[in-house]
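Here's start_16.cif, which has mmCIF, C-alpha atoms and all ligand atoms:
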data_coords
#
loop_
_atom_site.group_PDB
_atom_site.id
_atom_site.type_symbol
_atom_site.label_atom_id
_atom_site.label_comp_id
_atom_site.auth_asym_id
_atom_site.auth_seq_id
_atom_site.Cartn_x
_atom_site.Cartn_y
_atom_site.Cartn_z
ATOM 1 C CA MET B 9 9.937 33.774 -8.607
ATOM 2 C CA ASN B 10 11.330 34.599 -5.217
ATOM 3 C CA LYS B 11 13.946 32.587 -3.456
ATOM 4 C CA GLN B 12 11.581 30.903 -1.056
ATOM 5 C CA ASN B 13 9.375 29.638 -3.864
ATOM 6 C CA MET B 14 12.375 28.260 -5.631
ATOM 7 C CA GLU B 15 13.425 26.404 -2.545
ATOM 8 C CA VAL B 16 9.977 24.940 -2.152
ATOM 9 C CA GLU B 17 9.988 23.832 -5.788
ATOM 10 C CA GLN B 18 13.393 22.284 -5.410
ATOM 11 C CA LYS B 19 12.288 20.432 -2.298
ATOM 12 C CA GLN B 20 9.231 19.100 -4.115
ATOM 13 C CA ALA B 21 11.319 17.795 -6.968
ATOM 14 C CA CYS B 22 13.672 16.097 -4.499
ATOM 15 C CA THR B 23 10.858 14.490 -2.582
ATOM 16 C CA GLU B 24 9.308 13.116 -5.754
ATOM 17 C CA LEU B 25 12.641 11.763 -6.863
ATOM 18 C CA LEU B 26 13.295 10.198 -3.460
ATOM 19 C CA GLN B 27 9.962 8.447 -3.577
ATOM 20 C CA LEU B 28 10.611 6.984 -7.023
ATOM 21 C CA VAL B 29 14.024 5.697 -6.052
ATOM 22 C CA ILE B 30 12.917 4.257 -2.720
ATOM 23 C CA ASP B 31 10.056 2.441 -4.401
ATOM 24 C CA GLY B 32 12.294 1.061 -7.116
ATOM 25 C CA GLN B 33 10.448 2.884 -9.871
ATOM 26 C CA ALA B 34 13.040 5.412 -10.964
ATOM 27 C CA THR B 35 14.780 5.353 -14.320
ATOM 28 C CA PRO B 36 18.589 5.016 -14.358
ATOM 29 C CA GLU B 37 18.768 8.760 -15.123
ATOM 30 C CA GLN B 38 16.622 9.571 -12.117
ATOM 31 C CA HIS B 39 18.835 7.369 -9.968
ATOM 32 C CA GLN B 40 21.873 9.300 -11.092
ATOM 33 C CA GLU B 41 20.164 12.604 -10.605
ATOM 34 C CA LEU B 42 19.350 11.709 -7.025
ATOM 35 C CA GLU B 43 22.795 10.346 -6.302
ATOM 36 C CA PHE B 44 24.296 13.555 -7.593
ATOM 37 C CA HIS B 45 21.971 15.608 -5.444
ATOM 38 C CA LEU B 46 22.463 13.534 -2.287
ATOM 39 C CA GLU B 47 26.177 14.181 -2.403
ATOM 40 C CA ARG B 48 25.569 17.848 -1.731
ATOM 41 C CA CYS B 49 22.315 17.994 0.185
ATOM 42 C CA GLU B 50 22.386 16.736 3.724
ATOM 43 C CA ASP B 51 18.645 17.181 4.296
ATOM 44 C CA CYS B 52 17.754 14.917 1.423
ATOM 45 C CA ARG B 53 20.411 12.411 2.423
ATOM 46 C CA GLU B 54 18.912 12.078 5.884
ATOM 47 C CA GLU B 55 15.423 11.948 4.486
ATOM 48 C CA TYR B 56 16.493 9.230 2.075
ATOM 49 C CA LEU B 57 18.118 7.064 4.738
ATOM 50 C CA LEU B 58 15.201 7.463 7.103
ATOM 51 C CA SER B 59 12.552 6.640 4.504
ATOM 52 C CA LYS B 60 14.543 3.667 3.371
ATOM 53 C CA SER B 61 14.959 2.361 6.905
ATOM 54 C CA ILE B 62 11.223 2.668 7.555
ATOM 55 C CA LYS B 63 10.436 0.775 4.386
ATOM 56 C CA ASP B 64 12.964 -1.911 5.327
ATOM 57 C CA SER B 65 11.499 -2.166 8.824
ATOM 58 C CA LEU B 66 7.991 -2.592 7.493
ATOM 59 C CA ARG B 67 9.144 -5.347 5.192
ATOM 60 C CA SER B 68 11.191 -7.194 7.751
ATOM 61 C CA HIS B 69 8.785 -6.877 10.683
ATOM 62 C CA ILE B 70 5.432 -7.395 9.054
ATOM 63 C CA LYS B 71 5.686 -10.905 7.718
ATOM 64 C CA PRO B 72 2.888 -12.414 5.677
ATOM 65 C CA ASN B 73 0.846 -15.149 7.332
ATOM 66 C CA ASN B 74 -0.619 -18.198 5.710
ATOM 67 C CA SER B 75 -4.345 -18.096 5.194
ATOM 68 C CA PRO B 76 -6.209 -20.046 7.890
ATOM 69 C CA THR B 77 -6.318 -23.813 7.461
ATOM 70 C CA GLY B 78 -9.360 -24.926 5.576
ATOM 71 C CA LEU B 79 -10.114 -21.589 3.932
ATOM 72 C CA ALA B 80 -8.849 -22.730 0.551
ATOM 73 C CA ASN B 81 -11.002 -25.870 0.807
ATOM 74 C CA ILE B 82 -14.110 -23.946 1.731
ATOM 75 C CA ILE B 83 -13.619 -21.707 -1.273
ATOM 76 C CA GLN B 84 -12.943 -24.561 -3.658
ATOM 77 C CA ASN B 85 -16.009 -26.442 -2.443
ATOM 78 C CA LYS B 86 -18.185 -23.398 -2.971
ATOM 79 C CA ILE B 87 -16.821 -22.944 -6.456
ATOM 80 C CA SER B 88 -17.450 -26.595 -7.340
ATOM 81 C CA GLU B 89 -21.015 -26.217 -6.057
ATOM 82 C CA THR B 90 -21.550 -23.073 -8.100
ATOM 83 C CA ALA B 91 -20.044 -24.708 -11.170
ATOM 84 C CA SER B 92 -22.223 -27.803 -10.915
ATOM 85 C CA LEU B 93 -25.374 -25.719 -10.600
ATOM 86 C CA LYS B 94 -24.930 -24.411 -14.086
ATOM 87 C CA MET V 190 -15.835 -5.425 -21.669
ATOM 88 C CA GLY V 191 -15.673 -6.043 -25.387
ATOM 89 C CA GLU V 192 -16.449 -9.165 -27.344
ATOM 90 C CA ARG V 193 -14.104 -11.402 -25.452
ATOM 91 C CA MET V 194 -14.701 -15.101 -25.684
ATOM 92 C CA SER V 195 -16.077 -16.410 -22.453
ATOM 93 C CA TYR V 196 -14.492 -19.389 -20.801
ATOM 94 C CA GLU V 197 -16.011 -22.828 -21.048
ATOM 95 C CA SER V 198 -17.065 -23.937 -17.618
ATOM 96 C CA LYS V 199 -14.251 -26.484 -17.379
ATOM 97 C CA ASP V 200 -11.761 -23.735 -18.259
ATOM 98 C CA LYS V 201 -13.283 -21.490 -15.674
ATOM 99 C CA GLN V 202 -12.316 -23.852 -12.898
ATOM 100 C CA ARG V 203 -8.893 -24.396 -14.346
ATOM 101 C CA VAL V 204 -8.214 -20.652 -14.616
ATOM 102 C CA PHE V 205 -9.591 -20.200 -11.125
ATOM 103 C CA ASN V 206 -7.346 -22.872 -9.636
ATOM 104 C CA GLU V 207 -4.233 -21.966 -11.569
ATOM 105 C CA GLU V 208 -4.416 -18.188 -11.613
ATOM 106 C CA PHE V 209 -6.450 -17.173 -8.577
ATOM 107 C CA MET V 210 -5.957 -19.731 -5.833
ATOM 108 C CA PRO V 211 -2.174 -19.255 -5.587
ATOM 109 C CA HIS V 212 -2.883 -15.736 -4.269
ATOM 110 C CA ILE V 213 -5.021 -16.842 -1.355
ATOM 111 C CA ASP V 214 -2.357 -16.098 1.272
ATOM 112 C CA ALA V 215 -1.661 -12.623 -0.099
ATOM 113 C CA MET V 216 -5.403 -11.974 -0.264
ATOM 114 C CA TYR V 217 -5.877 -13.082 3.310
ATOM 115 C CA ASN V 218 -3.064 -10.849 4.510
ATOM 116 C CA PHE V 219 -4.456 -7.861 2.662
ATOM 117 C CA ALA V 220 -7.942 -8.558 4.029
ATOM 118 C CA PHE V 221 -6.621 -8.909 7.546
ATOM 119 C CA ARG V 222 -4.624 -5.696 7.373
ATOM 120 C CA LEU V 223 -7.680 -3.838 6.150
ATOM 121 C CA THR V 224 -10.219 -5.265 8.597
ATOM 122 C CA LEU V 225 -7.858 -6.051 11.484
ATOM 123 C CA ASP V 226 -10.138 -8.970 12.313
ATOM 124 C CA GLU V 227 -9.586 -12.632 11.442
ATOM 125 C CA ASP V 228 -13.220 -13.558 10.850
ATOM 126 C CA ASP V 229 -13.919 -10.473 8.766
ATOM 127 C CA ALA V 230 -10.786 -11.210 6.782
ATOM 128 C CA LYS V 231 -11.920 -14.775 6.069
ATOM 129 C CA ASP V 232 -15.358 -13.570 4.969
ATOM 130 C CA LEU V 233 -13.835 -10.920 2.766
ATOM 131 C CA VAL V 234 -11.511 -13.410 1.082
ATOM 132 C CA GLN V 235 -14.358 -15.843 0.449
ATOM 133 C CA GLU V 236 -16.528 -13.119 -0.990
ATOM 134 C CA THR V 237 -13.699 -11.931 -3.194
ATOM 135 C CA PHE V 238 -13.054 -15.366 -4.630
ATOM 136 C CA MET V 239 -16.749 -15.929 -5.298
ATOM 137 C CA LYS V 240 -16.928 -12.634 -7.148
ATOM 138 C CA ALA V 241 -13.755 -13.447 -9.022
ATOM 139 C CA TYR V 242 -15.359 -16.654 -10.224
ATOM 140 C CA ARG V 243 -18.552 -14.920 -11.198
ATOM 141 C CA PHE V 244 -16.729 -12.239 -13.171
ATOM 142 C CA ILE V 245 -14.016 -14.509 -14.492
ATOM 143 C CA ASN V 246 -14.824 -13.554 -18.095
ATOM 144 C CA SER V 247 -13.543 -10.069 -17.467
ATOM 145 C CA PHE V 248 -10.177 -11.496 -16.437
ATOM 146 C CA GLU V 249 -7.695 -11.992 -19.224
ATOM 147 C CA THR V 250 -5.401 -14.967 -18.797
ATOM 148 C CA GLY V 251 -1.804 -13.930 -18.509
ATOM 149 C CA THR V 252 -2.550 -10.501 -17.037
ATOM 150 C CA ASN V 253 -1.834 -9.646 -13.426
ATOM 151 C CA ALA V 254 -4.252 -11.836 -11.505
ATOM 152 C CA LYS V 255 -3.037 -10.649 -8.137
ATOM 153 C CA ALA V 256 -3.763 -6.994 -8.896
ATOM 154 C CA TRP V 257 -7.120 -7.952 -10.370
ATOM 155 C CA LEU V 258 -8.048 -9.874 -7.215
ATOM 156 C CA PHE V 259 -6.794 -7.124 -4.923
ATOM 157 C CA ARG V 260 -9.030 -4.664 -6.717
ATOM 158 C CA ILE V 261 -12.084 -6.851 -6.163
ATOM 159 C CA LEU V 262 -11.144 -7.313 -2.524
ATOM 160 C CA LYS V 263 -10.673 -3.599 -1.993
ATOM 161 C CA ASN V 264 -14.062 -2.838 -3.555
ATOM 162 C CA SER V 265 -15.781 -5.476 -1.434
ATOM 163 C CA PHE V 266 -14.131 -4.043 1.626
ATOM 164 C CA ILE V 267 -15.416 -0.568 0.826
ATOM 165 C CA ASN V 268 -18.929 -1.858 0.212
ATOM 166 C CA ASN V 269 -19.129 -4.039 3.309
ATOM 167 C CA TYR V 270 -17.188 -2.278 5.946
ATOM 168 C CA ARG V 271 -16.913 1.377 5.155
ATOM 169 C CA LYS V 272 -20.681 1.775 4.899
ATOM 170 C CA LYS V 273 -21.101 0.263 8.335
ATOM 171 C CA SER V 274 -18.644 2.553 9.976
ATOM 172 C CA LYS V 275 -20.253 5.660 11.346
ATOM 173 C CA GLN V 276 -17.298 7.812 10.605
ATOM 174 C CA PRO V 277 -17.199 9.234 7.148
ATOM 175 C CA ASN V 278 -14.067 8.631 5.200
ATOM 176 C CA LYS V 279 -11.417 10.462 7.079
ATOM 177 C CA VAL V 280 -9.048 11.076 4.239
ATOM 178 C CA ASP V 281 -9.517 14.533 2.902
ATOM 179 C CA TYR V 282 -9.077 13.884 -0.778
ATOM 180 C CA GLN V 283 -8.858 17.546 -1.603
ATOM 181 C CA GLU V 284 -5.914 17.744 0.663
ATOM 182 C CA VAL V 285 -4.057 14.864 -0.891
ATOM 183 C CA GLU V 286 -4.762 15.762 -4.487
ATOM 184 C CA THR V 287 -1.730 17.964 -4.593
ATOM 185 C CA PHE V 288 1.508 16.195 -3.953
ATOM 186 C CA TYR V 289 2.703 18.832 -1.577
ATOM 187 C CA ASN V 290 0.538 21.254 0.173
ATOM 188 C CA SER V 291 2.616 23.954 1.740
ATOM 189 C CA ASP V 292 2.268 22.206 5.083
ATOM 190 C CA SER V 293 4.059 19.039 4.222
ATOM 191 C CA VAL V 294 6.864 20.910 2.554
ATOM 192 C CA ASN V 295 7.557 23.215 5.396
ATOM 193 C CA GLU V 296 6.968 21.018 8.387
ATOM 194 C CA ASN V 297 10.269 19.119 8.210
ATOM 195 C CA ILE V 298 8.694 16.153 9.945
ATOM 196 C CA THR V 299 11.639 13.874 9.749
ATOM 197 C CA THR V 300 14.421 15.764 11.404
ATOM 198 C CA ASP V 301 13.815 14.382 14.858
ATOM 199 C CA LEU V 302 13.178 10.775 13.958
ATOM 200 C CA ARG V 303 16.450 9.006 13.462
ATOM 201 C CA VAL V 304 17.423 5.958 11.468
ATOM 202 C CA GLU V 305 18.883 4.276 14.563
ATOM 203 C CA THR V 306 15.621 4.811 16.393
ATOM 204 C CA VAL V 307 13.658 3.176 13.609
ATOM 205 C CA GLN V 308 16.051 0.263 13.637
ATOM 206 C CA HIS V 309 15.489 -0.230 17.357
ATOM 207 C CA LEU V 310 11.729 -0.425 17.067
ATOM 208 C CA ILE V 311 10.341 -3.931 17.303
ATOM 209 C CA GLY V 312 7.729 -5.615 15.154
ATOM 210 C CA ASP V 313 4.784 -4.790 17.398
ATOM 211 C CA GLU V 314 5.610 -1.120 17.408
ATOM 212 C CA ILE V 315 5.893 -0.979 13.640
ATOM 213 C CA THR V 316 2.683 -2.976 13.230
ATOM 214 C CA ASN V 317 0.778 -0.808 15.688
ATOM 215 C CA ALA V 318 1.953 2.366 14.040
ATOM 216 C CA LEU V 319 0.810 1.090 10.648
ATOM 217 C CA ASN V 320 -2.528 -0.136 11.980
ATOM 218 C CA SER V 321 -3.217 3.185 13.651
ATOM 219 C CA LEU V 322 -3.291 4.952 10.292
ATOM 220 C CA ASP V 323 -6.595 5.669 8.637
ATOM 221 C CA VAL V 324 -7.426 2.806 6.294
ATOM 222 C CA ASP V 325 -6.835 4.762 3.063
ATOM 223 C CA PHE V 326 -3.347 5.697 4.159
ATOM 224 C CA ARG V 327 -2.685 2.219 5.545
ATOM 225 C CA THR V 328 -3.747 0.710 2.236
ATOM 226 C CA VAL V 329 -1.211 2.531 0.077
ATOM 227 C CA ILE V 330 1.613 1.549 2.401
ATOM 228 C CA ILE V 331 0.491 -2.083 2.397
ATOM 229 C CA LEU V 332 0.227 -2.181 -1.383
ATOM 230 C CA CYS V 333 3.501 -0.399 -2.026
ATOM 231 C CA ASP V 334 5.825 -1.453 0.767
ATOM 232 C CA LEU V 335 4.518 -4.861 1.751
ATOM 233 C CA GLU V 336 3.115 -6.164 -1.521
ATOM 234 C CA GLY V 337 5.495 -4.386 -3.861
ATOM 235 C CA PHE V 338 2.921 -3.181 -6.367
ATOM 236 C CA THR V 339 3.973 -0.422 -8.758
ATOM 237 C CA TYR V 340 2.241 2.975 -8.670
ATOM 238 C CA GLU V 341 0.503 2.005 -11.878
ATOM 239 C CA GLU V 342 -0.845 -1.232 -10.438
ATOM 240 C CA MET V 343 -1.917 0.620 -7.306
ATOM 241 C CA ALA V 344 -3.779 3.160 -9.428
ATOM 242 C CA LYS V 345 -5.749 0.323 -10.989
ATOM 243 C CA ILE V 346 -6.409 -1.447 -7.708
ATOM 244 C CA LEU V 347 -7.585 1.736 -6.028
ATOM 245 C CA ASP V 348 -9.275 3.356 -9.041
ATOM 246 C CA ILE V 349 -7.410 6.615 -8.601
ATOM 247 C CA PRO V 350 -4.893 8.466 -10.801
ATOM 248 C CA ILE V 351 -1.198 7.728 -10.356
ATOM 249 C CA GLY V 352 -0.609 11.262 -9.103
ATOM 250 C CA THR V 353 -3.069 10.642 -6.299
ATOM 251 C CA VAL V 354 -1.401 7.323 -5.485
ATOM 252 C CA ARG V 355 1.893 9.119 -5.083
ATOM 253 C CA SER V 356 0.586 12.023 -3.072
ATOM 254 C CA ARG V 357 -1.371 9.734 -0.787
ATOM 255 C CA LEU V 358 1.672 7.549 -0.309
ATOM 256 C CA HIS V 359 3.761 10.584 0.524
ATOM 257 C CA ARG V 360 1.253 11.708 3.093
ATOM 258 C CA ALA V 361 0.795 8.216 4.506
ATOM 259 C CA ARG V 362 4.523 7.960 5.080
ATOM 260 C CA ASN V 363 4.668 11.296 6.817
ATOM 261 C CA LEU V 364 1.860 10.185 9.107
ATOM 262 C CA LEU V 365 3.660 6.914 9.774
ATOM 263 C CA LYS V 366 6.842 8.783 10.636
ATOM 264 C CA GLU V 367 4.862 10.924 13.019
ATOM 265 C CA LYS V 368 3.462 7.795 14.716
ATOM 266 C CA LEU V 369 6.863 6.161 14.924
ATOM 267 C CA LYS V 370 8.261 9.307 16.451
ATOM 268 C CA GLN V 371 5.542 9.242 19.088
ATOM 269 C CA TYR V 372 6.269 5.586 19.848
ATOM 270 C CA ALA V 373 9.939 6.273 20.054
ATOM 271 C CA SER V 374 9.566 9.112 22.471
ATOM 272 C CA SER V 375 7.020 7.261 24.609
ATOM 273 C CA LEU V 376 9.485 4.400 24.808
ATOM 274 C CA GLY V 377 12.183 6.749 25.947
ATOM 275 C CA TYR V 378 14.449 6.826 22.957
ATOM 276 C CA LYS V 379 16.543 9.920 23.262
ATOM 277 C CA ASP V 380 17.121 12.198 20.386
ATOM 278 C CA LYS V 381 20.841 12.638 20.560
ATOM 279 C CA ARG V 382 20.725 16.107 19.121
ATOM 280 C CA LYS V 383 18.467 17.475 21.788
HETATM 281 ZN ZN ZN K 1 17.936 18.167 -1.288
#
Starting from the file, lay out its structure as structure tokens.
Amino acid sequence: MNKQNMEVEQKQACTELLQLVIDGQATPEQHQELEFHLERCEDCREEYLLSKSIKDSLRSHIKPNNSPTGLANIIQNKISETASLK
Amino acid sequence: MGERMSYESKDKQRVFNEEFMPHIDAMYNFAFRLTLDEDDAKDLVQETFMKAYRFINSFETGTNAKAWLFRILKNSFINNYRKKSKQPNKVDYQEVETFYNSDSVNENITTDLRVETVQHLIGDEITNALNSLDVDFRTVIILCDLEGFTYEEMAKILDIPIGTVRSRLHRARNLLKEKLKQYASSLGYKDKRK
């Protein structure tokens, strides 16, 4: 395998690991592995911070709304109707 | 489904009220973010709950009701809205099957979008960037980042393998970064390194 291929493979592994950690689905070992790698790879460190900040922004800016007033009632009425038909 | 006992009709309503109704807000938000229209979202939620009631025997009490409902909603959305749209599905599934095509590895998308820039963006800009993504890409970001589903739950909701969930998510995020970068530069944020 030539050097460029190895770099690409390494980058893929890092990106997969980053994704798992950012989404809170990494094992403790994977966490450690990433931490260890981030200490010596500036690219991945930047990528990690950026991805994390985008995820945080999405969560803090896009707040859930309540469903429109009356929607729950409409649904429950329809269900009662359906149930009583049986 | 196998030989599961079906619910008595009184139990049906109890299960419906206790397990399904508490998710109405989350369902409405998901529906709205898919359709981007309040009336369509309301219709979609109603339809989903009616279907949930009809197929309640295939729901097992104690399992993840939210994921189960999201799956029904997503399927209804595809049936009702995607058919109507003239554009064929824009996601090239072949392209996302592999986690990294050589493109996404080499194009170092992120280097000129900075953390500080992201932090300066306001809610509308983030929302617009998300909404501008093709619905398949938007969906994985909604499910993962906003709703906090695991990859495994997402795979069930979307009926795709976990590997595809992850590759699509990866691609969706790159597209989102690209959009945010465009917003940032149109708003005049300066890249300090340039
Ligand atoms: Zn690295």
Taking the file as shown, what set of residues would the PyMOL selection byres (((not hetatm)) within 9 of (chain K and resi 1)) give back, as a list in words?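 When the PyMOL selection byres (((not hetatm)) within 9 of (chain K and resi 1)) is applied to the shown file, the picked residues are Gln18, Lys19, Ala21, Cys22, Thr23, Leu42, His45, Leu46, Arg48, Cys49, Glu50, Asp51, Cys52, Arg53 and Glu55 of chain B.
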Run the PyMOL selection byres ((chain V) within 9 of (chain B)) mentally over the shown coordinates, then write out the matched residues as a ChimeraX atom specification, using the chain letters and numbers from the document. /V:198-199,201-202,206,210,213-218,227,231,234-235,238-239,242,288-289,291,294-295,299-300,302-305,307-308,310-313,315-316,319,333-335,337,339-340,355,358-359,362,365-366
Serialized selection, C-alpha atoms, as a compact mmCIF listing (two decimals), in the frame of the given file:
# COMPACT_ATOMS: atom_id res chain seq x y z
CA SER V 198 -17.07 -23.94 -17.62
CA LYS V 199 -14.25 -26.48 -17.38
CA LYS V 201 -13.28 -21.49 -15.67
CA GLN V 202 -12.32 -23.85 -12.90
CA ASN V 206 -7.35 -22.87 -9.64
CA MET V 210 -5.96 -19.73 -5.83
CA ILE V 213 -5.02 -16.84 -1.36
CA ASP V 214 -2.36 -16.10 1.27
CA ALA V 215 -1.66 -12.62 -0.10
CA MET V 216 -5.40 -11.97 -0.26
CA TYR V 217 -5.88 -13.08 3.31
CA ASN V 218 -3.06 -10.85 4.51
CA GLU V 227 -9.59 -12.63 11.44
CA LYS V 231 -11.92 -14.78 6.07
CA VAL V 234 -11.51 -13.41 1.08
CA GLN V 235 -14.36 -15.84 0.45
CA PHE V 238 -13.05 -15.37 -4.63
CA MET V 239 -16.75 -15.93 -5.30
CA TYR V 242 -15.36 -16.65 -10.22
CA PHE V 288 1.51 16.20 -3.95
CA TYR V 289 2.70 18.83 -1.58
CA SER V 291 2.62 23.95 1.74
CA VAL V 294 6.86 20.91 2.55
CA ASN V 295 7.56 23.22 5.40
CA THR V 299 11.64 13.87 9.75
CA THR V 300 14.42 15.76 11.40
CA LEU V 302 13.18 10.78 13.96
CA ARG V 303 16.45 9.01 13.46
CA VAL V 304 17.42 5.96 11.47
CA GLU V 305 18.88 4.28 14.56
CA VAL V 307 13.66 3.18 13.61
CA GLN V 308 16.05 0.26 13.64
CA LEU V 310 11.73 -0.42 17.07
CA ILE V 311 10.34 -3.93 17.30
CA GLY V 312 7.73 -5.62 15.15
CA ASP V 313 4.78 -4.79 17.40
CA ILE V 315 5.89 -0.98 13.64
CA THR V 316 2.68 -2.98 13.23
CA LEU V 319 0.81 1.09 10.65
CA CYS V 333 3.50 -0.40 -2.03
CA ASP V 334 5.82 -1.45 0.77
CA LEU V 335 4.52 -4.86 1.75
CA GLY V 337 5.50 -4.39 -3.86
CA THR V 339 3.97 -0.42 -8.76
CA TYR V 340 2.24 2.98 -8.67
CA ARG V 355 1.89 9.12 -5.08
CA LEU V 358 1.67 7.55 -0.31
CA HIS V 359 3.76 10.58 0.52
CA ARG V 362 4.52 7.96 5.08
CA LEU V 365 3.66 6.91 9.77
CA LYS V 366 6.84 8.78 10.64
Discussion item. Between CA of Ala220 in chain V and CA of Leu233 in chain V, what distance in Å does the model show, to one decimal?
Written reply: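 It comes out at 6.5 Å.
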Atom pair CA of Lys240 in chain V + CA of Ile261 in chain V, distance 7.6 Å
If the box runs along x, y and z of the file and leaves 5 Å on each side of range 88-94 of chain B, what are its centre and edge lengths in Å, one decimal, as JSON?
{"center_x": -21.4, "center_y": -25.4, "center_z": -10.1, "size_x": 17.9, "size_y": 14.7, "size_z": 18.0}
Pairwise distance, CA of Thr353 in chain V with CA of Asp323 in chain V, equals 16.1 Å
Starting from the sparse input, extend range 258-272 of chain V to N, CA, C and O atoms and give the output as a CSV table (one decimal), keeping the file's coordinate frame.
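Output file selection-v8.csv follows:
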chain,number,residue,atom,x,y,z
V,258,LEU,N,-7.4,-9.4,-8.4
V,258,LEU,CA,-8.0,-9.9,-7.2
V,258,LEU,C,-8.0,-8.8,-6.1
V,258,LEU,O,-9.0,-8.7,-5.4
V,259,PHE,N,-6.9,-8.2,-6.0
V,259,PHE,CA,-6.8,-7.1,-4.9
V,259,PHE,C,-7.8,-6.0,-5.1
V,259,PHE,O,-8.4,-5.5,-4.2
V,260,ARG,N,-8.1,-5.7,-6.4
V,260,ARG,CA,-9.0,-4.7,-6.7
V,260,ARG,C,-10.4,-5.1,-6.3
V,260,ARG,O,-11.2,-4.3,-5.7
V,261,ILE,N,-10.8,-6.3,-6.6
V,261,ILE,CA,-12.1,-6.9,-6.2
V,261,ILE,C,-12.2,-6.8,-4.6
V,261,ILE,O,-13.2,-6.4,-4.1
V,262,LEU,N,-11.1,-7.3,-4.0
V,262,LEU,CA,-11.1,-7.3,-2.5
V,262,LEU,C,-11.3,-5.9,-1.9
V,262,LEU,O,-12.1,-5.7,-1.0
V,263,LYS,N,-10.6,-5.0,-2.5
V,263,LYS,CA,-10.7,-3.6,-2.0
V,263,LYS,C,-12.1,-3.0,-2.2
V,263,LYS,O,-12.6,-2.4,-1.3
V,264,ASN,N,-12.7,-3.3,-3.3
V,264,ASN,CA,-14.1,-2.8,-3.6
V,264,ASN,C,-15.1,-3.5,-2.6
V,264,ASN,O,-16.0,-2.8,-2.1
V,265,SER,N,-14.9,-4.8,-2.4
V,265,SER,CA,-15.8,-5.5,-1.4
V,265,SER,C,-15.6,-4.9,0.0
V,265,SER,O,-16.6,-4.7,0.7
V,266,PHE,N,-14.4,-4.6,0.3
V,266,PHE,CA,-14.1,-4.0,1.6
V,266,PHE,C,-14.9,-2.7,1.8
V,266,PHE,O,-15.5,-2.5,2.8
V,267,ILE,N,-14.8,-1.9,0.8
V,267,ILE,CA,-15.4,-0.6,0.8
V,267,ILE,C,-16.9,-0.7,1.0
V,267,ILE,O,-17.6,-0.1,1.8
V,268,ASN,N,-17.5,-1.6,0.2
V,268,ASN,CA,-18.9,-1.9,0.2
V,268,ASN,C,-19.4,-2.4,1.6
V,268,ASN,O,-20.4,-2.0,2.1
V,269,ASN,N,-18.7,-3.4,2.1
V,269,ASN,CA,-19.1,-4.0,3.3
V,269,ASN,C,-18.8,-3.3,4.6
V,269,ASN,O,-19.6,-3.3,5.5
V,270,TYR,N,-17.6,-2.7,4.6
V,270,TYR,CA,-17.2,-2.3,5.9
V,270,TYR,C,-17.2,-0.8,6.1
V,270,TYR,O,-17.5,-0.2,7.1
V,271,ARG,N,-16.9,-0.1,5.0
V,271,ARG,CA,-16.9,1.4,5.2
V,271,ARG,C,-18.3,1.9,5.4
V,271,ARG,O,-18.5,2.8,6.2
V,272,LYS,N,-19.3,1.3,4.7
V,272,LYS,CA,-20.7,1.8,4.9
V,272,LYS,C,-21.1,1.6,6.3
V,272,LYS,O,-21.8,2.5,6.9
